[in-house]
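To start, the structure itself, in structure tokens.
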Amino acid sequence: MSRNKEFPKQIYGIQELYRPCGEPVEVDIVAVHGLNGHATGSWTSKPQGICWLSNASFLPRYIPRARVLVWGYNASIFSQNGKAPSTDRVLQHAQTLVSQLEADRDLENAAERPIIFICHSLGGIIVKRALAYAESRVGLAHIHSIYVCTFAILFFGTPHQGSSKANILSSLQKIISIATPRAAIDLESGLVNALEKESEVLQNITDQFTPLMSNFRVFFFWEQEKTDLKYKRDYIVTEASAAPIIDNTERCGIAADHQRMAKFDSPSDQGFRTAVAALRRYAREAPSMIQRRYQRAVSVRRDDRMIEAAELLETIQPHTLGPYQSPPRYLEPVYGVFQGHSRDSLSKHSF
């Protein structure tokens with residue numbers, strides 16, 4: 001195999017893989033790869049070279065009105081061909097994902113369109129952190145919209161409770177060494193450490209994401225085959241970590257190892273059929289629900305601005321204005337509305 005095929009050029013940022021032809025787009029499906037992954041390669045079977053996200057016989061056949069996107073980032077943990085490993089941490093990747101996805105949707109005039117995330121391994125941890133970050137930016141409506149518009153998340157082999165190994169780095173070193181001379185490896189442990197069992201970073205992300213989880217449809221997938229680690233075979237992420245038992249979530253095993261569980265050779269693969277059926281169901285339900293959720297968010301922001309204006313007016317007592325004086329021009333739009341209303345009464349009104 002040629003070097004280019006073995007190490008394809010990584011794609012950074014948002015890239016569109018599929019768009020409906022002559023039909024309106026109803027949902028954005030965004031795929032995020034995992035550790036040492038590739039924006040498109042992580043979803044492409046070998047040697048067939050089929051990317052199930054964009055191939056006409058796979059996802060587009062069942063959800064023709066979805067726009068399919070991938071997000072690429074430097075998730076490398078070793079240097080190869082002079083390229084340095086990633087030094088960003090989960091938070092930096094999460095913030096970049098939110099900003100780049102928001103920019104893409106803004107330029108597409110699609111700020112209110114529903115979002116469904118598909119995540120493999122570390123990609124799920126980054127998406128969880130991204131949604132917690134977006135939710136916290138209430139004052140930045142364009143950033144907050146990524147949280148508001150997210151309807152569902154499919155997690156493929158995401159180590160929600162950390163790796164089943166005391167040190168996942170050891171296993172990854174063995175995987176990498178199969179095809180890479182040790183002299184060419186320069187390991188960066190920042191992202192790997194976040195995935196270790198009982199990692200403080202992982203626990204913090206879980207604590208931030210758990211209160212938000214009820215707002216999303218969630219489907220967990222776990223690997224049913226062990227990965228070849230050269231010296232032995234073992235699970236990279238256990239079922240318990242990849243698919244925690246949580247109320248109102250779905251879970252299913254996939255008959256593949258950790259790397260192959262997000263790649264499908266045929267539309268008849270049971271893993272693909274289960275995943276695409278869930279995606280199709282979510283795509284049907286999302287538009288009406290996200291529209292209502294988005295409108296509620298707009299209403300809440302409007303109410304908050306009105307209350308803030310009322311609080312500002314409290315500093316300008318009516319008796320301090322002379323009989324022929326008017327409030328400052330910037331307060332004129334709200335002064336008349338709020339005269340005679342207390343702060344408590346204002347908070348009960350929707351404007």
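Just remember, in the structure tokens the first chain shown is A, the second B, etc., residues are 1-based per chain, and ligands are 1-based in the order shown.
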
Open item on the list: Please list as a PyMOL selection string every residue within 6 Å of Phe156 in chain A, counting only C-alpha atoms and excluding residues in the same chain fewer than 5 positions away.
Closed with: chain A and resi 119-120+221

Task: Distance query range 115-118 of chain A at most 7 Å, only C-alpha atoms, self and fewer than 5 positions along chain excluded, as number ranges by chain - done: A: 27-32, 149-155

Task: Distance in Å - CA of Asn204 in chain A versus CA of Arg293 in chain A - done: 26.6 Å

Check which residues of range 16-42 of chain A sit at most 6 Å from range 122-144 of chain A using only C-alpha atoms, and return one row each with the closest pair of atoms and their distance in Å to one decimal, ordered by chain and rising number, as CSV.
```
residue,atom,partner,partner_atom,distance
A:Val32,CA,A:Gly123,CA,5.1
A:His33,CA,A:Gly123,CA,5.1
A:Gly34,CA,A:Leu122,CA,4.4
A:Leu35,CA,A:Leu122,CA,5.5
```

At a cut-off of 10 Å, using only C-alpha atoms, what residues contact Thr227 in chain A? Leave out same-chain residues fewer than 5 positions from it and give the result as a PDB file with C-alpha atoms, in the first residue's frame.
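The resulting file, out-v4.pdb, is shown below:
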```pdb
ATOM      1  CA  SER A 171      -2.598  -0.423  23.999  1.00  0.00           C
ATOM      2  CA  ILE A 175      -1.589  -0.756  17.678  1.00  0.00           C
ATOM      3  CA  LYS A 232      -3.158 -10.284  22.499  1.00  0.00           C
ATOM      4  CA  ARG A 233      -6.750  -9.386  21.707  1.00  0.00           C
ATOM      5  CA  ASP A 234      -8.863  -7.231  24.001  1.00  0.00           C
ATOM      6  CA  TYR A 235     -11.628  -4.629  24.106  1.00  0.00           C
ATOM      7  CA  ILE A 236     -10.501  -1.002  23.829  1.00  0.00           C
ATOM      8  CA  VAL A 237     -13.756   0.246  25.400  1.00  0.00           C
ATOM      9  CA  ALA A 256     -16.854  -5.424  15.057  1.00  0.00           C
ATOM     10  CA  ASP A 257     -13.789  -4.256  16.945  1.00  0.00           C
ATOM     11  CA  HIS A 258     -13.230  -0.693  18.116  1.00  0.00           C
ATOM     12  CA  GLN A 259     -11.791   0.588  14.835  1.00  0.00           C
ATOM     13  CA  ARG A 260     -14.214  -1.175  12.485  1.00  0.00           C
TER      14      ARG A 260
END
```

Task: Interatomic distance, CA of Glu16 in chain A to CA of Leu212 in chain A (Å, one decimal) - done: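 Separation between CA of Glu16 in chain A and CA of Leu212 in chain A: 27.5 Å.
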